[in-house]
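Student: Here you go, one structure.
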Amino acid sequence: PANGVPGEIPSTPPALPATPGADTPAPTPVTPVANKIDAVKSAGVPLQTGPTSFTVPYSIVVGNQGTATVYNAQANDFLSNTYPAPASFTVSGYAVAAGSGSPTCTPAASFTGTGTSTALLSGTNDLTTGQSCVISFTVKVNYNATPIPTTRNNVVASGMGADSATPNPGYTGVTQDPTTGAITGGTPPSGATTTDNSSNVNPPAGGVPGAVPSTPALPATPGADTPAPTPVTPVANKIAAVKSAGVPVQPGPTSFDVPYSIVVGNQGTATVYN
(Lines give C-alpha, C1' and ligand atoms only; values in the text may rest on other atoms or scores of the structure.)
Protein backbone atom coordinates (compact mmCIF):
# COMPACT_ATOMS: atom_id res chain seq x y z
CA PRO A 1 0.00 0.00 0.00
CA ALA A 2 1.04 3.58 -0.54
CA ASN A 3 2.24 5.70 2.39
CA GLY A 4 3.73 2.80 4.31
CA VAL A 5 5.84 3.41 7.40
CA PRO A 6 9.55 3.52 6.54
CA GLY A 7 11.40 0.43 7.75
CA GLU A 8 8.28 -1.56 8.62
CA ILE A 9 7.01 -4.71 6.90
CA PRO A 10 4.08 -3.84 4.60
CA SER A 11 0.80 -4.06 6.48
CA THR A 12 -0.97 -6.02 3.76
CA PRO A 13 0.68 -9.28 2.56
CA PRO A 14 0.92 -9.67 -1.20
CA ALA A 15 -1.91 -11.72 -2.67
CA LEU A 16 -1.20 -14.99 -4.44
CA PRO A 17 -2.72 -15.49 -7.90
CA ALA A 18 -6.20 -16.98 -7.90
CA THR A 19 -5.08 -19.64 -10.39
CA PRO A 20 -1.88 -21.61 -9.79
CA GLY A 21 0.93 -20.32 -11.97
CA ALA A 22 -1.28 -17.63 -13.52
CA ASP A 23 1.00 -14.78 -12.47
CA THR A 24 3.92 -13.56 -14.55
CA PRO A 25 7.31 -13.72 -12.83
CA ALA A 26 8.68 -10.20 -12.27
CA PRO A 27 11.44 -8.85 -10.03
CA THR A 28 10.38 -6.77 -7.04
CA PRO A 29 11.77 -3.24 -7.35
CA VAL A 30 13.21 -1.26 -4.46
CA THR A 31 13.78 2.45 -5.06
CA PRO A 32 15.29 4.13 -2.01
CA VAL A 33 14.87 7.92 -1.97
CA ALA A 34 17.24 9.78 0.34
CA ASN A 35 15.65 12.57 2.34
CA LYS A 36 17.26 16.03 2.34
CA ILE A 37 16.88 18.92 4.74
CA ASP A 38 17.72 22.47 3.64
CA ALA A 39 18.38 25.61 5.66
CA VAL A 40 18.81 29.24 4.62
CA LYS A 41 19.55 32.28 6.77
CA SER A 42 19.35 36.06 6.37
CA ALA A 43 20.54 38.89 8.58
CA GLY A 44 18.77 42.25 8.52
CA VAL A 45 20.32 45.69 8.82
CA PRO A 46 21.94 46.12 12.26
CA LEU A 47 20.54 48.92 14.40
CA GLN A 48 23.07 50.83 16.50
CA THR A 49 21.90 51.28 20.08
CA GLY A 50 25.13 52.46 21.71
CA PRO A 51 28.76 53.26 20.87
CA THR A 52 29.57 49.54 20.39
CA SER A 53 26.07 48.06 20.76
CA PHE A 54 23.80 46.82 17.98
CA THR A 55 20.53 44.97 17.46
CA VAL A 56 20.93 42.31 14.76
CA PRO A 57 17.75 40.68 13.37
CA TYR A 58 17.75 37.21 11.75
CA SER A 59 15.33 35.16 9.66
CA ILE A 60 15.88 31.41 9.07
CA VAL A 61 13.98 28.81 7.04
CA VAL A 62 14.37 25.06 7.54
CA GLY A 63 12.55 22.93 4.98
CA ASN A 64 12.17 19.86 2.80
CA GLN A 65 12.34 20.44 -0.94
CA GLY A 66 12.70 16.74 -1.71
CA THR A 67 10.23 13.88 -2.09
CA ALA A 68 11.09 11.86 1.03
CA THR A 69 9.85 12.97 4.44
CA VAL A 70 12.39 14.49 6.84
CA TYR A 71 11.54 13.24 10.31
CA ASN A 72 12.32 15.02 13.57
CA ALA A 73 13.63 18.12 11.82
CA GLN A 74 16.04 20.26 13.80
CA ALA A 75 18.39 23.22 13.38
CA ASN A 76 20.97 24.70 15.74
CA ASP A 77 22.51 28.16 15.91
CA PHE A 78 25.68 28.47 18.00
CA LEU A 79 25.71 32.23 18.57
CA SER A 80 28.45 32.03 21.19
CA ASN A 81 30.78 31.32 18.25
CA THR A 82 29.47 34.35 16.39
CA TYR A 83 29.77 36.83 19.23
CA PRO A 84 32.74 35.69 21.34
CA ALA A 85 34.25 37.61 24.25
CA PRO A 86 34.72 40.46 24.84
CA ALA A 87 31.27 40.74 23.25
CA SER A 88 28.16 40.09 25.32
CA PHE A 89 24.73 39.36 23.86
CA THR A 90 21.16 38.33 24.54
CA VAL A 91 18.44 36.91 22.28
CA SER A 92 14.98 38.43 22.11
CA GLY A 93 11.88 37.99 19.97
CA TYR A 94 12.52 34.30 19.29
CA ALA A 95 9.57 32.97 17.28
CA VAL A 96 8.76 29.88 15.19
CA ALA A 97 6.02 29.77 12.55
CA ALA A 98 4.79 27.38 9.89
CA GLY A 99 6.14 28.18 6.46
CA SER A 100 5.14 26.61 3.15
CA GLY A 101 2.91 23.56 3.30
CA SER A 102 1.56 24.55 6.75
CA PRO A 103 3.42 21.94 8.83
CA THR A 104 3.43 21.77 12.60
CA CYS A 105 6.47 23.76 13.72
CA THR A 106 7.05 23.59 17.46
CA PRO A 107 9.62 25.95 19.04
CA ALA A 108 12.34 24.75 21.36
CA ALA A 109 11.72 25.06 25.09
CA SER A 110 14.17 27.95 25.06
CA PHE A 111 16.73 29.40 22.67
CA THR A 112 19.69 31.50 23.77
CA GLY A 113 22.31 30.45 21.21
CA THR A 114 24.59 29.31 24.03
CA GLY A 115 25.37 26.15 25.98
CA THR A 116 22.64 23.54 25.62
CA SER A 117 20.09 26.04 24.27
CA THR A 118 21.15 26.18 20.62
CA ALA A 119 18.20 24.22 19.18
CA LEU A 120 15.79 26.32 17.13
CA LEU A 121 13.04 23.68 16.96
CA SER A 122 11.60 21.06 19.29
CA GLY A 123 13.04 18.24 17.17
CA THR A 124 9.69 16.40 17.18
CA ASN A 125 8.13 17.66 13.94
CA ASP A 126 8.29 16.02 10.51
CA LEU A 127 8.51 17.87 7.19
CA THR A 128 6.92 16.34 4.13
CA THR A 129 7.55 17.47 0.56
CA GLY A 130 7.47 21.26 0.26
CA GLN A 131 7.02 21.96 3.95
CA SER A 132 9.15 24.42 5.93
CA CYS A 133 9.44 26.19 9.28
CA VAL A 134 10.35 29.88 9.68
CA ILE A 135 12.40 31.05 12.67
CA SER A 136 13.13 34.64 13.60
CA PHE A 137 14.93 36.35 16.46
CA THR A 138 17.01 39.38 17.32
CA VAL A 139 20.46 39.47 18.89
CA LYS A 140 21.26 42.44 21.11
CA VAL A 141 25.04 42.56 21.19
CA ASN A 142 27.62 44.83 22.75
CA TYR A 143 30.91 44.16 20.99
CA ASN A 144 32.85 45.97 23.74
CA ALA A 145 35.57 46.70 21.20
CA THR A 146 36.46 48.93 18.28
CA PRO A 147 36.60 48.68 15.37
CA ILE A 148 33.34 46.72 15.19
CA PRO A 149 34.12 43.36 13.52
CA THR A 150 32.27 41.62 10.70
CA THR A 151 31.06 38.22 11.89
CA ARG A 152 29.81 35.16 9.98
CA ASN A 153 27.90 32.06 11.00
CA ASN A 154 25.74 29.18 9.77
CA VAL A 155 22.74 27.33 11.08
CA VAL A 156 23.33 23.56 11.10
CA ALA A 157 20.22 21.49 10.32
CA SER A 158 19.55 17.78 10.72
CA GLY A 159 16.78 15.23 10.26
CA MET A 160 16.00 11.54 10.65
CA GLY A 161 14.96 8.83 8.21
CA ALA A 162 12.14 7.51 10.40
CA ASP A 163 9.86 9.06 12.98
CA SER A 164 11.00 8.86 16.59
CA ALA A 165 9.28 9.71 19.86
CA THR A 166 12.64 10.97 21.10
CA PRO A 167 13.23 14.60 20.09
CA ASN A 168 16.16 15.29 17.80
CA PRO A 169 18.52 17.52 19.85
CA GLY A 170 20.55 18.43 16.77
CA TYR A 171 24.24 19.12 16.54
CA THR A 172 26.53 19.45 19.54
CA GLY A 173 29.98 20.96 19.96
CA VAL A 174 30.00 23.06 16.79
CA THR A 175 32.94 25.44 16.60
CA GLN A 176 33.08 28.15 13.95
CA ASP A 177 35.51 30.95 13.23
CA PRO A 178 33.46 34.18 13.51
CA THR A 179 35.71 36.00 11.04
CA THR A 180 35.94 33.46 8.20
CA GLY A 181 32.87 31.39 9.03
CA ALA A 182 34.88 28.17 8.78
CA ILE A 183 33.28 25.32 10.75
CA THR A 184 35.98 23.21 12.38
CA GLY A 185 34.05 20.95 14.73
CA GLY A 186 30.68 19.54 15.63
CA THR A 187 28.87 16.22 16.00
CA PRO A 188 25.57 15.47 14.23
CA PRO A 189 22.80 13.79 16.22
CA SER A 190 22.85 10.01 16.41
CA GLY A 191 20.81 8.46 13.61
CA ALA A 192 20.71 11.55 11.42
CA THR A 193 20.19 10.71 7.76
CA THR A 194 20.35 14.26 6.41
CA THR A 195 22.26 17.39 7.46
CA ASP A 196 22.84 20.83 6.00
CA ASN A 197 24.91 23.91 6.74
CA SER A 198 22.79 26.93 5.89
CA SER A 199 23.37 29.11 2.87
CA ASN A 200 23.21 32.89 3.07
CA VAL A 201 20.39 34.81 1.41
CA ASN A 202 20.92 38.56 1.20
CA PRO A 203 17.68 40.42 1.96
CA PRO A 204 16.46 43.19 -0.36
CA ALA A 205 18.32 46.48 -0.05
CA GLY A 206 16.80 49.29 1.94
CA GLY A 207 15.75 47.28 4.98
CA VAL A 208 14.80 49.05 8.18
CA PRO A 209 17.61 48.84 10.76
CA GLY A 210 16.71 46.40 13.53
CA ALA A 211 13.73 44.90 11.64
CA VAL A 212 13.55 41.17 10.89
CA PRO A 213 14.37 40.70 7.18
CA SER A 214 11.99 39.14 4.68
CA THR A 215 11.77 35.35 4.74
CA PRO A 216 14.66 33.85 2.73
CA ALA A 217 13.81 31.38 -0.03
CA LEU A 218 14.89 27.74 0.02
CA PRO A 219 16.62 26.33 -3.07
CA ALA A 220 14.20 25.03 -5.71
CA THR A 221 16.09 21.73 -5.85
CA PRO A 222 16.96 19.95 -2.58
CA GLY A 223 20.59 20.52 -1.64
CA ALA A 224 21.23 22.67 -4.71
CA ASP A 225 22.49 25.66 -2.75
CA THR A 226 26.08 26.08 -1.63
CA PRO A 227 26.53 26.38 2.15
CA ALA A 228 27.77 29.85 3.05
CA PRO A 229 27.91 31.69 6.38
CA THR A 230 25.66 34.70 6.87
CA PRO A 231 27.69 37.89 7.36
CA VAL A 232 26.85 40.72 9.74
CA THR A 233 28.69 43.99 9.19
CA PRO A 234 27.61 46.64 11.69
CA VAL A 235 28.57 50.16 10.68
CA ALA A 236 28.86 52.62 13.54
CA ASN A 237 27.30 55.98 12.83
CA LYS A 238 29.20 59.18 13.58
CA ILE A 239 27.91 62.67 14.02
CA ALA A 240 30.25 65.59 13.34
CA ALA A 241 30.05 69.21 14.47
CA VAL A 242 32.14 72.25 13.56
CA LYS A 243 31.88 75.81 14.81
CA SER A 244 33.31 79.11 13.65
CA ALA A 245 33.33 82.55 15.24
CA GLY A 246 33.29 85.63 13.04
CA VAL A 247 34.91 88.98 13.67
CA PRO A 248 33.33 90.68 16.72
CA VAL A 249 31.66 94.05 16.21
CA GLN A 250 32.08 96.63 19.01
CA PRO A 251 28.86 98.59 19.51
CA GLY A 252 29.95 100.11 22.82
CA PRO A 253 32.96 100.62 25.11
CA THR A 254 32.73 97.13 26.59
CA SER A 255 30.10 95.55 24.37
CA PHE A 256 30.63 93.21 21.41
CA ASP A 257 28.43 91.32 18.99
CA VAL A 258 30.02 87.95 18.25
CA PRO A 259 28.67 86.03 15.21
CA TYR A 260 28.81 82.24 15.11
CA SER A 261 28.25 79.59 12.45
CA ILE A 262 27.71 75.93 13.35
CA VAL A 263 27.33 72.87 11.15
CA VAL A 264 26.13 69.49 12.41
CA GLY A 265 26.33 66.66 9.90
CA ASN A 266 26.96 63.08 8.98
CA GLN A 267 29.91 62.34 6.75
CA GLY A 268 29.72 58.59 7.30
CA THR A 269 27.74 55.78 5.67
CA ALA A 270 25.39 54.96 8.56
CA THR A 271 22.37 57.14 9.26
CA VAL A 272 22.47 59.31 12.37
CA TYR A 273 18.96 59.32 13.83
CA ASN A 274 17.30 62.05 15.92
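Going by the C-alpha coordinates order, chains are called A, B, ..., each with residues numbered from 1, while ligands are numbered from 1 in the order shown.
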Which residues are close to segment 160-164 of chain A, i.e. within 12 Å by only C-alpha atoms, leaving aside same-chain residues fewer than 3 positions away? Reply as a PyMOL selection string.
Tutor: chain A and resi 4-8+32-37+68-74+123-128+157+167-170+188-195
Student: Go ahead and save the picked residues with N, CA and C atoms, as an mmCIF file, in the first residue's frame.
Tutor:
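Output file out.cif is given in full below:
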```cif
data_model
loop_
_atom_site.group_PDB
_atom_site.id
_atom_site.type_symbol
_atom_site.label_atom_id
_atom_site.label_comp_id
_atom_site.auth_asym_id
_atom_site.auth_seq_id
_atom_site.Cartn_x
_atom_site.Cartn_y
_atom_site.Cartn_z
ATOM 1 N N GLY A 4 3.312 3.705 3.250
ATOM 2 C CA GLY A 4 3.731 2.799 4.307
ATOM 3 C C GLY A 4 4.706 3.472 5.248
ATOM 4 N N VAL A 5 4.904 2.870 6.419
ATOM 5 C CA VAL A 5 5.837 3.408 7.400
ATOM 6 C C VAL A 5 7.252 2.960 7.038
ATOM 7 N N PRO A 6 8.193 3.898 6.911
ATOM 8 C CA PRO A 6 9.547 3.519 6.538
ATOM 9 C C PRO A 6 10.139 2.495 7.507
ATOM 10 N N GLY A 7 10.724 1.441 6.953
ATOM 11 C CA GLY A 7 11.404 0.428 7.749
ATOM 12 C C GLY A 7 10.507 -0.654 8.298
ATOM 13 N N GLU A 8 9.189 -0.547 8.104
ATOM 14 C CA GLU A 8 8.279 -1.562 8.624
ATOM 15 C C GLU A 8 7.790 -2.481 7.512
ATOM 16 N N PRO A 32 15.081 3.262 -3.166
ATOM 17 C CA PRO A 32 15.289 4.134 -2.006
ATOM 18 C C PRO A 32 15.400 5.597 -2.454
ATOM 19 N N VAL A 33 14.777 6.485 -1.702
ATOM 20 C CA VAL A 33 14.873 7.921 -1.965
ATOM 21 C C VAL A 33 15.424 8.575 -0.704
ATOM 22 N N ALA A 34 16.622 9.131 -0.814
ATOM 23 C CA ALA A 34 17.244 9.779 0.343
ATOM 24 C C ALA A 34 16.511 11.074 0.672
ATOM 25 N N ASN A 35 16.262 11.303 1.964
ATOM 26 C CA ASN A 35 15.654 12.574 2.339
ATOM 27 C C ASN A 35 16.728 13.659 2.429
ATOM 28 N N LYS A 36 16.308 14.913 2.346
ATOM 29 C CA LYS A 36 17.262 16.030 2.340
ATOM 30 C C LYS A 36 16.643 17.234 3.020
ATOM 31 N N ILE A 37 17.301 17.706 4.047
ATOM 32 C CA ILE A 37 16.880 18.918 4.738
ATOM 33 C C ILE A 37 17.682 20.095 4.197
ATOM 34 N N ALA A 68 11.139 12.768 -0.129
ATOM 35 C CA ALA A 68 11.088 11.863 1.025
ATOM 36 C C ALA A 68 10.960 12.687 2.298
ATOM 37 N N THR A 69 10.100 12.242 3.199
ATOM 38 C CA THR A 69 9.853 12.971 4.443
ATOM 39 C C THR A 69 11.124 13.091 5.287
ATOM 40 N N VAL A 70 11.335 14.275 5.852
ATOM 41 C CA VAL A 70 12.395 14.494 6.835
ATOM 42 C C VAL A 70 11.741 14.418 8.215
ATOM 43 N N TYR A 71 12.139 13.434 8.986
ATOM 44 C CA TYR A 71 11.542 13.237 10.309
ATOM 45 C C TYR A 71 12.355 13.950 11.382
ATOM 46 N N ASN A 72 11.666 14.394 12.415
ATOM 47 C CA ASN A 72 12.323 15.023 13.575
ATOM 48 C C ASN A 72 13.302 16.115 13.137
ATOM 49 N N ALA A 73 12.788 17.046 12.345
ATOM 50 C CA ALA A 73 13.635 18.120 11.817
ATOM 51 C C ALA A 73 14.157 19.007 12.943
ATOM 52 N N GLN A 74 15.404 19.414 12.785
ATOM 53 C CA GLN A 74 16.039 20.260 13.799
ATOM 54 C C GLN A 74 17.053 21.187 13.136
ATOM 55 N N GLY A 123 12.458 19.505 17.620
ATOM 56 C CA GLY A 123 13.042 18.241 17.173
ATOM 57 C C GLY A 123 12.038 17.113 17.128
ATOM 58 N N THR A 124 10.736 17.431 17.189
ATOM 59 C CA THR A 124 9.693 16.399 17.180
ATOM 60 C C THR A 124 8.851 16.427 15.910
ATOM 61 N N ASN A 125 9.002 17.480 15.108
ATOM 62 C CA ASN A 125 8.132 17.657 13.943
ATOM 63 C C ASN A 125 8.741 17.079 12.672
ATOM 64 N N ASP A 126 7.869 16.581 11.791
ATOM 65 C CA ASP A 126 8.292 16.023 10.509
ATOM 66 C C ASP A 126 7.934 17.000 9.394
ATOM 67 N N LEU A 127 8.751 17.003 8.341
ATOM 68 C CA LEU A 127 8.512 17.872 7.190
ATOM 69 C C LEU A 127 8.336 17.007 5.953
ATOM 70 N N THR A 128 7.162 17.044 5.380
ATOM 71 C CA THR A 128 6.925 16.337 4.130
ATOM 72 C C THR A 128 7.322 17.237 2.965
ATOM 73 N N ALA A 157 21.509 22.183 10.268
ATOM 74 C CA ALA A 157 20.224 21.488 10.320
ATOM 75 C C ALA A 157 20.426 19.984 10.218
ATOM 76 N N PRO A 167 12.912 13.390 20.852
ATOM 77 C CA PRO A 167 13.227 14.603 20.087
ATOM 78 C C PRO A 167 14.654 14.585 19.562
ATOM 79 N N ASN A 168 14.838 15.130 18.391
ATOM 80 C CA ASN A 168 16.164 15.292 17.805
ATOM 81 C C ASN A 168 16.802 16.528 18.434
ATOM 82 N N PRO A 169 17.897 16.359 19.211
ATOM 83 C CA PRO A 169 18.525 17.521 19.848
ATOM 84 C C PRO A 169 19.368 18.340 18.882
ATOM 85 N N GLY A 170 19.714 17.732 17.739
ATOM 86 C CA GLY A 170 20.552 18.429 16.771
ATOM 87 C C GLY A 170 22.028 18.302 17.072
ATOM 88 N N PRO A 188 26.993 15.551 14.555
ATOM 89 C CA PRO A 188 25.568 15.471 14.229
ATOM 90 C C PRO A 188 24.854 14.545 15.195
ATOM 91 N N PRO A 189 23.535 14.666 15.314
ATOM 92 C CA PRO A 189 22.801 13.788 16.222
ATOM 93 C C PRO A 189 22.855 12.331 15.766
ATOM 94 N N SER A 190 22.821 11.433 16.719
ATOM 95 C CA SER A 190 22.850 10.007 16.409
ATOM 96 C C SER A 190 21.638 9.639 15.554
ATOM 97 N N GLY A 191 21.889 8.917 14.481
ATOM 98 C CA GLY A 191 20.810 8.464 13.612
ATOM 99 C C GLY A 191 20.407 9.428 12.530
ATOM 100 N N ALA A 192 21.061 10.573 12.450
ATOM 101 C CA ALA A 192 20.705 11.554 11.421
ATOM 102 C C ALA A 192 20.974 10.992 10.031
ATOM 103 N N THR A 193 20.013 11.152 9.137
ATOM 104 C CA THR A 193 20.186 10.712 7.757
ATOM 105 C C THR A 193 20.417 11.874 6.808
ATOM 106 N N THR A 194 20.155 13.089 7.259
ATOM 107 C CA THR A 194 20.352 14.258 6.413
ATOM 108 C C THR A 194 20.797 15.437 7.264
ATOM 109 N N THR A 195 21.767 16.193 6.769
ATOM 110 C CA THR A 195 22.259 17.391 7.456
ATOM 111 C C THR A 195 22.492 18.489 6.424
#
```
Student: What residues in segment 21-254 of chain A get the DSSP label strand (DSSP E)? Please answer as a VMD selection string.
Tutor: chain A and resid 38 to 43 47 to 50 53 to 63 71 to 76 88 to 98 132 to 142 151 to 153 156 to 160 172 to 176 183 to 187 192 to 197 199 to 200 230 to 232 240 to 245
Student: Which segment 209-249 of chain A residues have any atom within 10 Å of an atom of segment 174-183 of chain A, and for each, what is the nearest pair of atoms with distance in Å to one decimal, counting only C-alpha atoms, rows sorted by chain and number, as a tab-separated table?
Tutor:
```
residue	atom	partner	partner_atom	distance
A:Ala228	CA	A:Gly181	CA	8.0
A:Pro229	CA	A:Gly181	CA	5.6
A:Thr230	CA	A:Gly181	CA	8.2
A:Pro231	CA	A:Gly181	CA	8.5
```
Student: Go ahead and dump the residues you just picked, N, CA, C and O atoms, as a short mmCIF file (atom, residue, chain, number, x, y, z; two decimals), in the first residue's frame.
Tutor:
```
data_model
loop_
_atom_site.label_atom_id
_atom_site.label_comp_id
_atom_site.auth_asym_id
_atom_site.auth_seq_id
_atom_site.Cartn_x
_atom_site.Cartn_y
_atom_site.Cartn_z
N ALA A 228 26.98 28.64 2.89
CA ALA A 228 27.77 29.85 3.05
C ALA A 228 27.34 30.55 4.33
O ALA A 228 26.12 30.67 4.59
N PRO A 229 28.28 31.00 5.14
CA PRO A 229 27.91 31.69 6.38
C PRO A 229 27.25 33.03 6.10
O PRO A 229 27.52 33.68 5.09
N THR A 230 26.37 33.42 7.00
CA THR A 230 25.66 34.70 6.87
C THR A 230 26.48 35.80 7.54
O THR A 230 26.77 35.73 8.73
N PRO A 231 26.88 36.83 6.78
CA PRO A 231 27.69 37.89 7.36
C PRO A 231 26.87 38.96 8.05
O PRO A 231 25.74 39.24 7.65
#
```
Student: Have a look at A:Val247, A:Leu47, A:Val134, A:Val91 and name the one nearest to Ser214 of chain A; count only C-alpha atoms.
Tutor: A:Val134
Student: Near Asn200 of chain A, within 12 Å and counting only C-alpha atoms, which residues show up once chain neighbours fewer than 2 positions away are dropped, as a ChimeraX atom specification?
Tutor: /A:38-44,58-61,152-155,181,197-198,202-203,215-219,225-232
Student: With distances taken over only C-alpha atoms, which residue among A:Thr138, A:Thr269, A:Gln250, A:Thr12 lies nearest Pro46 of chain A?
Tutor: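 Of the candidates, the smallest distance to Pro46 of chain A is held by A:Thr138.
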Student: Work out how far apart atom CA of Ser100 of chain A and atom CA of Asn76 of chain A are and give it in Å to one decimal.
Tutor: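 Going from atom CA of Ser100 of chain A over to atom CA of Asn76 of chain A, I get 20.3 Å.
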Student: Rank A:Pro213, A:Pro259, A:Pro149, A:Pro20 by their smallest atom-to-atom distance to Pro234 of chain A, using only C-alpha atoms, and report the top residue only.
Tutor: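 Among A:Pro213, A:Pro259, A:Pro149, A:Pro20, it is A:Pro149 that comes nearest to Pro234 of chain A.
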Student: As an exercise, work out the distance from atom CA of Tyr171 of chain A to atom CA of Ile135 of chain A in Å and give it to one decimal place.
Tutor: 17.2 Å
Student: Would you list the contacts of Gly66 of chain A as a VMD selection string, taking every protein, DNA or RNA residue within 6 Å and counting only C-alpha atoms, but skipping same-chain residues closer than 2 positions in sequence?
Tutor: chain A and resid 64 68 129 222
Student: What would the file look like if the residues just selected were written as an mmCIF file, in the first residue's frame with all heavy atoms?
Tutor:
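Saved as again-v8.cif:
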```cif
data_model
loop_
_atom_site.group_PDB
_atom_site.id
_atom_site.type_symbol
_atom_site.label_atom_id
_atom_site.label_comp_id
_atom_site.auth_asym_id
_atom_site.auth_seq_id
_atom_site.Cartn_x
_atom_site.Cartn_y
_atom_site.Cartn_z
ATOM 1 N N ASN A 64 11.994 21.088 3.578
ATOM 2 C CA ASN A 64 12.173 19.860 2.803
ATOM 3 C C ASN A 64 11.709 20.115 1.378
ATOM 4 O O ASN A 64 10.509 20.212 1.113
ATOM 5 C CB ASN A 64 11.372 18.724 3.437
ATOM 6 C CG ASN A 64 11.431 17.441 2.632
ATOM 7 O OD1 ASN A 64 12.224 17.299 1.712
ATOM 8 N ND2 ASN A 64 10.578 16.495 2.981
ATOM 9 N N ALA A 68 11.139 12.768 -0.129
ATOM 10 C CA ALA A 68 11.088 11.863 1.025
ATOM 11 C C ALA A 68 10.960 12.687 2.298
ATOM 12 O O ALA A 68 11.639 13.707 2.470
ATOM 13 C CB ALA A 68 12.347 10.996 1.082
ATOM 14 N N THR A 129 7.139 16.741 1.759
ATOM 15 C CA THR A 129 7.549 17.475 0.565
ATOM 16 C C THR A 129 6.986 18.894 0.550
ATOM 17 O O THR A 129 5.779 19.101 0.703
ATOM 18 C CB THR A 129 7.079 16.728 -0.693
ATOM 19 O OG1 THR A 129 7.669 15.430 -0.716
ATOM 20 C CG2 THR A 129 7.480 17.477 -1.946
ATOM 21 N N PRO A 222 16.379 20.274 -3.888
ATOM 22 C CA PRO A 222 16.965 19.947 -2.576
ATOM 23 C C PRO A 222 18.490 19.848 -2.634
ATOM 24 O O PRO A 222 19.043 19.168 -3.503
ATOM 25 C CB PRO A 222 16.327 18.601 -2.214
ATOM 26 C CG PRO A 222 15.784 18.053 -3.487
ATOM 27 C CD PRO A 222 15.422 19.233 -4.316
#
```
Student: Which residues come within 7 Å of Ile262 of chain A, counting only C-alpha atoms, excluding same-chain residues fewer than 5 positions away, as number ranges by chain?
Tutor: A: 242-244
Student: Residues as selected, C-alpha atoms, written as a short mmCIF file (atom, residue, chain, number, x, y, z; two decimals), in the first residue's frame, can you do that?
Tutor:
```
data_model
loop_
_atom_site.label_atom_id
_atom_site.label_comp_id
_atom_site.auth_asym_id
_atom_site.auth_seq_id
_atom_site.Cartn_x
_atom_site.Cartn_y
_atom_site.Cartn_z
CA VAL A 242 32.14 72.25 13.56
CA LYS A 243 31.88 75.81 14.81
CA SER A 244 33.31 79.11 13.65
#
```
Student: Write out as a list in words the residues lying within 12 Å of Thr112 of chain A, counting only C-alpha atoms and excluding same-chain residues fewer than 6 positions away.
Tutor: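 After dropping sequence-adjacent residues, the list is Asn76, Asp77, Phe78, Leu79, Ser80, Phe89, Thr90, Val91, Ser92, Gly93, Tyr94, Thr118, Ala119, Leu120, Phe137, Thr138, Val139 and Lys140 of chain A.
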Student: Go ahead and compute the interatomic distance for atom CA of Pro27 of chain A and atom CA of Pro13 of chain A, in Å to one decimal.
Tutor: 16.6 Å
Student: Can you pull out the residues contacting Asn237 of chain A? Cut-off 10 Å, using only C-alpha atoms, and skip same-chain residues under 5 positions away; I want them as JSON, numbers by chain.
Tutor: {"A": [47, 48, 50, 51, 266, 267, 268, 269, 270, 271, 272, 273]}
